[in-house]
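Pasting data-v4.csv here (CSV, C-alpha atoms):
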```csv
chain,number,residue,atom,x,y,z
O,1,MET,CA,-5.2,-1.1,23.0
O,2,MET,CA,-1.6,-1.4,22.2
O,3,ILE,CA,-0.6,-4.3,20.0
O,4,LYS,CA,2.6,-5.9,21.0
O,5,THR,CA,3.3,-9.6,20.3
O,6,PHE,CA,4.1,-11.2,17.0
O,7,ARG,CA,3.2,-14.7,15.8
O,8,GLU,CA,4.6,-15.8,12.4
O,9,LEU,CA,1.9,-17.0,10.1
O,10,TYR,CA,3.9,-17.4,6.8
O,11,ARG,CA,7.5,-17.5,5.7
O,12,ALA,CA,8.3,-16.6,2.1
O,13,PRO,CA,10.2,-19.2,0.0
O,14,HIS,CA,13.9,-18.8,0.5
O,15,ARG,CA,17.3,-20.4,0.0
O,16,THR,CA,20.7,-20.1,1.5
O,17,ASP,CA,23.8,-19.8,-0.7
O,18,ARG,CA,27.3,-21.1,-0.1
O,19,ASP,CA,28.2,-17.9,1.7
O,20,GLY,CA,25.3,-18.3,4.2
O,21,ILE,CA,23.3,-15.5,2.7
O,22,VAL,CA,19.5,-16.1,2.6
O,23,TRP,CA,17.7,-15.1,-0.6
O,24,TYR,CA,13.9,-14.6,-0.4
O,25,GLU,CA,11.1,-14.5,-2.9
O,26,CYS,CA,9.9,-11.2,-1.5
O,27,LEU,CA,6.3,-10.2,-0.6
O,28,SER,CA,5.1,-6.8,-1.8
O,29,ASP,CA,1.4,-6.4,-0.8
O,30,MET,CA,-1.5,-7.8,1.2
O,31,HIS,CA,-5.2,-7.1,1.6
O,32,PHE,CA,-8.0,-8.6,3.7
O,33,ALA,CA,-11.7,-8.4,2.6
O,34,SER,CA,-12.9,-9.8,6.0
O,35,PRO,CA,-11.2,-10.9,9.3
O,36,ARG,CA,-10.8,-14.3,7.8
O,37,VAL,CA,-10.3,-14.0,4.1
O,38,GLY,CA,-7.2,-12.2,2.7
O,39,TRP,CA,-4.6,-12.3,-0.1
O,40,ALA,CA,-0.9,-11.5,-0.2
O,41,VAL,CA,1.3,-11.3,-3.3
O,42,GLY,CA,5.0,-11.2,-4.2
O,43,SER,CA,7.6,-12.9,-6.3
O,44,GLY,CA,6.1,-16.1,-7.6
O,45,GLN,CA,3.3,-15.8,-4.9
O,46,ILE,CA,-0.4,-15.2,-5.0
O,47,LEU,CA,-1.4,-16.3,-1.5
O,48,CYS,CA,-4.9,-16.8,-0.3
O,49,SER,CA,-6.0,-17.4,3.3
O,50,GLY,CA,-9.5,-18.3,4.5
O,51,ASP,CA,-8.8,-18.7,8.2
O,52,GLY,CA,-7.5,-15.3,9.3
O,53,GLY,CA,-4.0,-15.9,8.0
O,54,LYS,CA,-3.2,-19.1,9.9
O,55,THR,CA,-2.6,-20.9,6.6
O,56,TRP,CA,-1.9,-19.7,3.1
O,57,ASN,CA,-2.4,-21.4,-0.3
O,58,ASN,CA,-0.2,-20.2,-3.2
O,59,GLN,CA,-2.3,-19.9,-6.4
O,60,TYR,CA,0.4,-18.6,-8.7
O,61,THR,CA,-0.1,-20.7,-11.8
O,62,ASP,CA,2.3,-22.2,-14.3
O,63,PHE,CA,0.8,-20.0,-17.0
O,64,MET,CA,1.6,-16.9,-14.9
O,65,ALA,CA,5.1,-18.1,-14.5
O,66,SER,CA,5.5,-18.8,-18.3
O,67,SER,CA,4.2,-15.3,-19.1
O,68,PHE,CA,6.6,-13.7,-16.7
O,69,PHE,CA,3.9,-12.3,-14.5
O,70,ALA,CA,5.3,-10.7,-11.4
O,71,PRO,CA,2.5,-10.1,-8.7
O,72,HIS,CA,3.0,-6.8,-7.0
O,73,ARG,CA,-0.3,-5.2,-6.0
O,74,VAL,CA,-3.6,-6.7,-4.9
O,75,SER,CA,-7.2,-5.5,-4.4
O,76,MET,CA,-9.8,-7.8,-2.9
O,77,PRO,CA,-13.4,-6.4,-3.0
O,78,SER,CA,-15.1,-9.6,-1.8
O,79,GLN,CA,-14.3,-13.0,-0.5
O,80,ASN,CA,-14.3,-14.5,-4.0
O,81,SER,CA,-13.1,-11.6,-6.1
O,82,CYS,CA,-9.4,-10.6,-6.3
O,83,TRP,CA,-7.4,-8.5,-8.7
O,84,VAL,CA,-3.6,-8.7,-9.0
O,85,ILE,CA,-1.4,-6.4,-11.1
O,86,ASP,CA,2.3,-6.5,-12.1
O,87,THR,CA,4.0,-3.1,-11.8
O,88,VAL,CA,7.6,-4.3,-12.1
O,89,GLY,CA,7.7,-7.2,-14.6
O,90,PHE,CA,8.1,-7.3,-18.4
O,91,GLY,CA,5.5,-9.9,-19.5
O,92,GLN,CA,2.6,-9.1,-21.8
O,93,ASN,CA,0.0,-10.1,-19.1
O,94,ARG,CA,0.2,-7.5,-16.4
O,95,CYS,CA,-3.2,-8.0,-14.7
O,96,PHE,CA,-5.0,-11.2,-13.5
O,97,HIS,CA,-8.3,-11.5,-11.7
O,98,THR,CA,-10.5,-14.3,-10.2
O,99,ARG,CA,-14.2,-14.4,-9.5
O,100,ASP,CA,-14.3,-17.7,-7.8
O,101,GLY,CA,-11.7,-17.5,-5.0
O,102,GLY,CA,-8.8,-18.4,-7.2
O,103,ARG,CA,-10.0,-21.6,-8.8
O,104,ASN,CA,-9.8,-19.8,-12.2
O,105,TRP,CA,-7.9,-16.8,-13.3
O,106,GLU,CA,-8.4,-14.5,-16.3
O,107,ALA,CA,-5.8,-12.1,-17.8
O,108,SER,CA,-6.7,-8.5,-18.6
O,109,LYS,CA,-4.6,-6.5,-21.0
O,110,PHE,CA,-4.3,-2.7,-21.2
O,111,ALA,CA,-2.4,-2.2,-24.5
O,112,SER,CA,1.0,-0.7,-23.8
O,113,ALA,CA,0.0,0.8,-20.5
O,114,TYR,CA,1.9,-0.2,-17.3
O,115,PRO,CA,-0.4,-0.7,-14.2
O,116,LYS,CA,0.5,1.2,-11.1
O,117,ASP,CA,-2.4,0.5,-8.7
O,118,VAL,CA,-5.8,-1.2,-8.7
O,119,PHE,CA,-8.8,-0.7,-6.4
O,120,PHE,CA,-12.3,-2.2,-6.3
O,121,ILE,CA,-15.1,-1.1,-3.9
O,122,ASN,CA,-17.1,-4.2,-4.8
O,123,SER,CA,-16.9,-7.1,-7.2
O,124,GLN,CA,-18.3,-5.0,-10.1
O,125,ARG,CA,-16.9,-1.4,-9.8
O,126,GLY,CA,-13.2,-0.7,-9.8
O,127,TRP,CA,-10.4,1.5,-11.1
O,128,LEU,CA,-6.9,0.8,-12.4
O,129,ILE,CA,-4.3,3.5,-13.0
O,130,THR,CA,-1.5,3.2,-15.5
O,131,ASP,CA,1.5,5.1,-17.1
O,132,ASP,CA,3.7,4.5,-20.1
O,133,GLY,CA,6.5,2.9,-18.1
O,134,LYS,CA,9.0,5.7,-18.6
O,135,MET,CA,10.7,7.1,-15.4
O,136,LEU,CA,10.5,10.9,-16.3
O,137,SER,CA,7.4,10.9,-18.4
O,138,GLY,CA,4.3,12.7,-17.0
O,139,GLY,CA,0.6,11.9,-17.0
O,140,GLY,CA,-1.1,8.6,-17.1
O,141,SER,CA,-4.5,7.0,-17.6
O,142,ILE,CA,-7.4,5.8,-15.4
O,143,HIS,CA,-9.5,2.8,-16.4
O,144,ALA,CA,-12.9,2.3,-14.8
O,145,THR,CA,-15.2,-0.7,-14.9
O,146,ILE,CA,-18.8,-1.2,-13.6
O,147,ASP,CA,-19.1,-4.8,-14.8
O,148,GLY,CA,-16.3,-6.6,-13.0
O,149,GLY,CA,-13.7,-5.9,-15.6
O,150,LYS,CA,-15.6,-7.2,-18.7
O,151,THR,CA,-15.4,-3.7,-20.2
O,152,TRP,CA,-13.4,-0.6,-19.2
O,153,LYS,CA,-13.7,3.1,-19.8
O,154,THR,CA,-10.4,4.8,-20.2
O,155,GLY,CA,-9.6,8.4,-19.6
O,156,ARG,CA,-6.4,10.5,-19.6
O,157,LEU,CA,-5.2,11.9,-16.3
O,158,LYS,CA,-4.3,15.6,-16.6
O,159,ILE,CA,-1.4,15.5,-14.2
O,160,LYS,CA,2.3,16.4,-14.6
O,161,GLY,CA,3.7,13.5,-12.7
O,162,ARG,CA,2.9,9.8,-12.6
O,163,PRO,CA,-0.2,8.2,-10.9
O,164,GLU,CA,0.8,5.8,-8.1
O,165,VAL,CA,-2.1,5.1,-5.6
O,166,ILE,CA,-5.8,5.2,-6.0
O,167,ARG,CA,-8.6,4.7,-3.5
O,168,PHE,CA,-12.4,5.2,-3.6
O,169,ILE,CA,-15.0,5.1,-0.8
O,170,SER,CA,-18.0,5.2,-3.1
O,171,SER,CA,-18.8,5.0,-6.8
O,172,ARG,CA,-18.1,8.8,-7.0
O,173,ALA,CA,-15.7,9.8,-4.2
O,174,GLY,CA,-12.1,8.9,-4.8
O,175,TRP,CA,-8.5,10.0,-4.1
O,176,LEU,CA,-5.4,9.8,-6.3
O,177,VAL,CA,-1.7,10.1,-5.5
O,178,GLU,CA,0.7,11.6,-8.0
O,179,ARG,CA,4.5,11.4,-7.9
O,180,VAL,CA,6.6,14.1,-9.5
O,181,ILE,CA,10.2,13.2,-10.0
O,182,SER,CA,12.9,15.9,-10.4
O,183,LYS,CA,14.8,15.9,-13.7
O,184,ASP,CA,18.0,14.7,-12.0
O,185,GLN,CA,15.9,11.9,-10.4
O,186,GLY,CA,17.3,13.0,-7.0
O,187,ARG,CA,14.0,13.7,-5.3
O,188,SER,CA,10.2,13.2,-5.5
O,189,ILE,CA,7.2,15.1,-4.3
O,190,GLY,CA,3.7,13.8,-3.7
O,191,ARG,CA,0.5,15.4,-4.7
O,192,LEU,CA,-2.9,14.4,-3.6
O,193,HIS,CA,-6.1,14.8,-5.8
O,194,LYS,CA,-9.7,14.0,-5.1
O,195,SER,CA,-12.6,13.3,-7.4
O,196,LYS,CA,-16.4,13.7,-6.9
O,197,ASP,CA,-17.5,12.1,-10.2
O,198,GLY,CA,-16.1,8.6,-10.2
O,199,GLY,CA,-12.7,9.6,-11.5
O,200,SER,CA,-13.7,11.5,-14.6
O,201,THR,CA,-12.2,14.8,-13.2
O,202,TRP,CA,-9.7,15.5,-10.4
O,203,GLU,CA,-8.8,18.5,-8.3
O,204,SER,CA,-5.6,19.1,-6.4
O,205,VAL,CA,-5.9,18.9,-2.6
O,206,ALA,CA,-2.4,19.0,-1.1
O,207,THR,CA,1.3,18.8,-2.0
O,208,PHE,CA,3.9,17.1,0.2
O,209,ASP,CA,7.7,17.4,0.0
O,210,ASN,CA,7.9,13.6,0.1
O,211,ARG,CA,6.7,10.8,-2.2
O,212,ILE,CA,3.4,9.4,-0.9
O,213,LEU,CA,3.4,5.6,-0.7
O,214,ASP,CA,0.0,4.8,0.8
O,215,LEU,CA,-3.4,6.3,1.4
O,216,ALA,CA,-6.0,5.2,3.9
O,217,VAL,CA,-9.5,6.7,3.6
O,218,LEU,CA,-11.9,6.1,6.5
O,219,ASP,CA,-14.7,8.3,5.2
O,220,GLN,CA,-15.0,11.5,3.1
O,221,GLU,CA,-13.6,13.6,5.9
O,222,ARG,CA,-10.9,11.5,7.5
O,223,ILE,CA,-7.8,10.5,5.4
O,224,PHE,CA,-4.3,9.5,6.2
O,225,VAL,CA,-1.3,9.6,3.9
O,226,SER,CA,2.1,8.0,4.5
O,227,GLY,CA,5.4,8.1,2.6
O,228,GLU,CA,9.1,8.7,2.4
O,229,GLY,CA,11.0,10.6,5.0
O,230,GLY,CA,8.7,9.3,7.8
O,231,LEU,CA,5.7,11.1,6.4
O,232,ILE,CA,2.4,10.6,8.0
O,233,ALA,CA,-0.2,13.3,7.6
O,234,ALA,CA,-3.9,13.4,8.4
O,235,THR,CA,-7.0,15.5,7.7
O,236,ARG,CA,-10.4,15.5,9.3
O,237,ASP,CA,-12.1,18.0,6.9
O,238,ALA,CA,-11.7,16.3,3.5
O,239,GLY,CA,-8.3,17.8,2.8
O,240,GLN,CA,-9.0,21.4,3.6
O,241,SER,CA,-6.4,21.4,6.4
O,242,TRP,CA,-3.7,18.8,7.2
O,243,GLN,CA,-1.5,18.0,10.1
O,244,ARG,CA,1.8,16.3,9.7
O,245,LEU,CA,2.0,13.8,12.6
O,246,ARG,CA,5.3,13.6,14.5
O,247,THR,CA,6.6,10.0,14.0
O,248,LYS,CA,10.2,10.6,15.1
O,249,THR,CA,11.5,8.5,12.2
O,250,HIS,CA,12.7,9.2,8.7
O,251,ALA,CA,12.2,5.7,7.4
O,252,ALA,CA,9.8,5.4,4.5
O,253,ILE,CA,6.3,4.5,5.7
O,254,ASN,CA,5.0,2.0,3.2
O,255,SER,CA,1.6,1.4,4.7
O,256,ILE,CA,-0.9,3.1,7.0
O,257,ALA,CA,-4.0,1.4,8.5
O,258,PHE,CA,-6.5,2.1,11.2
O,259,ASP,CA,-9.5,0.4,12.9
O,260,GLY,CA,-11.9,3.3,12.4
O,261,ASN,CA,-11.7,4.3,16.0
O,262,ARG,CA,-8.4,5.4,17.6
O,263,THR,CA,-5.8,2.7,16.7
O,264,VAL,CA,-3.4,3.5,13.8
O,265,ILE,CA,-0.6,1.3,12.5
O,266,ALA,CA,2.3,2.5,10.3
O,267,ALA,CA,4.5,0.0,8.6
O,268,GLY,CA,7.8,1.0,7.0
O,269,ASP,CA,11.4,0.3,6.1
O,270,PHE,CA,14.2,-0.8,8.5
O,271,ARG,CA,11.8,-2.9,10.6
O,272,THR,CA,9.9,0.3,11.5
O,273,LEU,CA,6.5,-0.5,12.8
O,274,LEU,CA,4.7,2.3,14.7
O,275,ILE,CA,1.4,2.3,16.5
O,276,SER,CA,-0.9,5.0,17.9
O,277,ASP,CA,-3.9,4.5,20.2
O,278,ASP,CA,-4.9,8.2,20.1
O,279,GLY,CA,-5.6,8.7,16.4
O,280,GLY,CA,-2.0,9.5,15.5
O,281,SER,CA,-1.3,12.2,18.1
O,282,SER,CA,1.5,10.1,19.6
O,283,TRP,CA,3.4,7.0,18.4
O,284,SER,CA,5.2,4.1,19.9
O,285,ARG,CA,7.6,1.9,18.0
O,286,LEU,CA,6.9,-1.8,18.4
O,287,ARG,CA,9.6,-4.4,19.1
O,288,THR,CA,9.6,-6.4,15.9
O,289,PRO,CA,11.2,-9.8,14.9
O,290,ALA,CA,15.0,-9.4,14.4
O,291,GLU,CA,15.3,-9.7,10.7
O,292,ASP,CA,16.7,-7.5,7.9
O,293,SER,CA,13.5,-6.8,6.0
O,294,ASN,CA,11.0,-4.0,5.4
O,295,TRP,CA,7.3,-3.9,6.4
O,296,VAL,CA,5.2,-3.6,3.3
O,297,ARG,CA,1.5,-3.7,4.5
O,298,ALA,CA,-0.6,-3.6,7.7
O,299,CYS,CA,-4.2,-4.7,7.8
O,300,MET,CA,-6.5,-4.2,10.8
O,301,VAL,CA,-8.7,-7.3,11.1
O,302,SER,CA,-10.3,-6.4,14.4
O,303,SER,CA,-10.2,-3.7,17.0
O,304,SER,CA,-7.4,-5.6,18.9
O,305,GLN,CA,-5.6,-7.6,16.1
O,306,ALA,CA,-3.7,-6.8,13.0
O,307,ILE,CA,-1.9,-8.8,10.3
O,308,VAL,CA,1.3,-7.3,9.0
O,309,ALA,CA,3.5,-8.4,6.1
O,310,SER,CA,7.2,-7.8,5.7
O,311,THR,CA,9.1,-8.6,2.6
O,312,THR,CA,9.9,-12.0,4.0
O,313,ALA,CA,7.0,-13.1,6.3
O,314,ILE,CA,3.5,-12.5,7.5
O,315,TYR,CA,2.7,-12.0,11.2
O,316,LEU,CA,-0.4,-11.8,13.5
O,317,LEU,CA,-0.1,-9.0,16.1
O,318,ASN,CA,-1.9,-9.4,19.5
O,319,PRO,CA,-2.3,-7.0,22.4
O,320,LEU,CA,0.0,-7.1,25.4
O,321,SER,CA,1.8,-4.8,27.8
O,322,GLU,CA,3.2,-1.4,26.9
O,323,THR,CA,6.3,-1.1,24.8
O,324,ASP,CA,9.4,0.7,26.0
O,325,LEU,CA,11.1,1.3,22.6
O,326,PRO,CA,11.6,4.8,21.3
O,327,ALA,CA,10.0,5.7,17.9
O,328,GLU,CA,13.4,6.5,16.3
O,329,PRO,CA,15.0,3.4,14.7
O,330,SER,CA,18.7,2.9,13.8
O,331,PHE,CA,19.5,3.9,10.2
O,332,PRO,CA,22.4,3.3,7.9
O,333,GLU,CA,24.3,6.4,6.8
O,334,LYS,CA,22.5,6.7,3.5
O,335,VAL,CA,19.2,7.2,5.3
O,336,ARG,CA,20.6,9.6,7.7
O,337,ARG,CA,21.7,11.9,4.8
O,338,ASP,CA,18.0,12.1,3.7
O,339,ARG,CA,16.8,13.6,7.0
O,340,THR,CA,16.7,17.1,5.7
O,341,ARG,CA,13.9,16.2,3.2
O,342,HIS,CA,11.1,15.8,5.6
O,343,ALA,CA,9.4,19.2,5.6
O,344,THR,CA,6.2,19.5,3.6
O,345,THR,CA,5.6,22.3,1.1
O,346,GLN,CA,2.5,23.5,2.9
O,347,ARG,CA,2.1,24.6,6.5
O,348,PHE,CA,-0.6,22.2,7.7
O,349,PRO,CA,-2.8,23.5,10.5
O,350,GLY,CA,-3.6,21.2,13.4
O,351,LEU,CA,-6.6,18.9,13.3
O,352,GLN,CA,-9.8,20.4,14.7
```

Would you write the structure of this file as C-alpha cells?
Amino acid sequence: MMIKTFRELYRAPHRTDRDGIVWYECLSDMHFASPRVGWAVGSGQILCSGDGGKTWNNQYTDFMASSFFAPHRVSMPSQNSCWVIDTVGFGQNRCFHTRDGGRNWEASKFASAYPKDVFFINSQRGWLITDDGKMLSGGGSIHATIDGGKTWKTGRLKIKGRPEVIRFISSRAGWLVERVISKDQGRSIGRLHKSKDGGSTWESVATFDNRILDLAVLDQERIFVSGEGGLIAATRDAGQSWQRLRTKTHAAINSIAFDGNRTVIAAGDFRTLLISDDGGSSWSRLRTPAEDSNWVRACMVSSSQAIVASTTAIYLLNPLSETDLPAEPSFPEKVRRDRTRHATTQRFPGLQ
C-alpha cells in the first residue's frame, strides 16, 4: 500500500539569526528495535521514543557534551540496549552505550581508531568498524564482541579502501561496504563484501561506480544497496547477480528500508523520498514537507506505516491515495553535472 501523508513527530532544535536564516542541530541517523521503541541521533541529540515516535526524550548528557561527543550513528539491538558512535567529532570518547534504556551510559574507547559504523544483532553480539581517520588511507579494522561490549576481538580488514557500513543477519553471515576514493578525491566507488564466519574473513561480491551509503539485508538471499547518483541495486541470490533499479533520480540515496514483503522506501538528498510497492521494480516520488533538508533514514515499523527522519525533523508516514509526482526531483546545477556517474562497473542481470 502506498504511503502518502506526513505527520511531524519531532523538530530538531534550531534558532533564527538576524538575517532570518534558520540554523538546526541536524539529525543524522535513526533506528527502531520494535514498532514502539526507537532511537535517533544528531548534533547534541540522543533521542529515545517508547511510544512509536510520538514523543522523544533527549538523553545526551553533560559529560558527553564536555567530552565533545558528536552522535552520528546508532544501533539498537533491543528495547534497552543502544550503541551510539561519533564518526565526525574530535573528542576522546567516540562510542557510548546503554544497557538500561538510557538511564546510564558507558564510554568505550578503541585506541586511535575512528568508528565508521556499528551493528548489533542482539544485546550481546555486535561489530564495529573503524579506520585511521585519514581521507586517502586504505584498510581498516573490525571489532567484534560476544559479551555486550565488555571485551572486543579486533582484526585487520584486508581491503584497499575504507570500511563504511556493516550489517549482519546472524552470528556468522554479514555484509561490509568499502569506499575507495580516487587520488584526486574527485570520485568514489563502492565495493560490497560478505562474510560467512562472523567477520573473520571477507570475499568481494560486487563493485559499483558509486559510493554505497546504505545496505538493507532481508535474509541471506535478498539484499538492497543504495548510494550516490541515485543508486539502488538489489539481489535475490546472495549477490551472484544484481539488478540496478531505475529510480529516475540522481540524488544520493542515504537510506533504504523495506517491510519484508513488497514495500520499499528510499530516502535521499534534496527531499527525495521514493516508494515502491512491487519490490523495487517501479518507484513513485512522495510529496514531502516543503523544507530545505535531506532525508537521512527510513524505518518500516509496520506493513502500512514508516517513520522517516530528515536532517531537521522526524515524521510518521501513513497510507492514503496515489501520488502524482514524478520520480525525478529538481536539482541544483552542481548535482546535474554529476549525472554522468551513475553507471555501475558491472552489468547486472535482472532478478530471477

To one decimal place in Å, what is the distance between atom CA of O:Arg179 and atom CA of O:Ile212?
7.4 Å

What lies within 7 Å of stretch 196-206 of chain O using only C-alpha atoms, ignoring chain neighbours under 6 positions off, as a PyMOL selection string?
chain O and resi 171-174+239

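Taking all atoms listed in the file into account, the protein, DNA and RNA residues within 10 Å of (12.3, -0.1, 6.9) read His250, Ala251, Ala252, Ile253, Asn254, Ala267, Gly268, Asp269, Phe270, Arg271, Thr272, Leu273, Asp292, Ser293, Asn294, Trp295, Val296, Ser310, Pro329, Ser330 and Phe331 of chain O.
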
When you look at O:Gly44 with a cut-off of 7 Å (counting all atoms listed in the file), what residues show up, excluding the ones that are within fewer than 2 positions of it in the same chain? I need them as a PDB file with C-alpha atoms, keeping the file's coordinate frame.
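What follows is the written file selection37.pdb:
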```
ATOM      1  CA  GLY O  42       5.000 -11.200  -4.200  1.00  0.00           C
ATOM      2  CA  TYR O  60       0.400 -18.600  -8.700  1.00  0.00           C
ATOM      3  CA  ALA O  70       5.300 -10.700 -11.400  1.00  0.00           C
TER       4      ALA O  70
END
```

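In this structure, atom CA of O:Asp278 sits 11.6 Å away from atom CA of O:Leu245.
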
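Counting from atom CA of O:Trp23, the distance to atom CA of O:Ala313 is 12.9 Å.
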
Residues near O:Asn122, anyone? I mean within 12 Å using only C-alpha atoms, not counting same-chain ones fewer than 2 positions away, as a list in words.
Ala33, Ser75, Met76, Pro77, Ser78, Gln79, Asn80, Ser81, Cys82, Trp83, Arg99, Phe119, Phe120, Gln124, Arg125, Gly126, Trp127, Thr145, Ile146, Asp147, Gly148, Gly149, Phe168, Ile169, Ser170 and Ser171 of chain O

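Distances to O:Leu274 were evaluated for O:Arg15, O:Lys109, O:Lys4, O:Lys150 using all atoms listed in the file, and the minimum falls at O:Lys4.
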
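Here the question is which of O:Asn261, O:Gln59, O:Ser241, O:Ser284 gets nearest to O:Leu218 using only C-alpha atoms, and that residue is O:Asn261.
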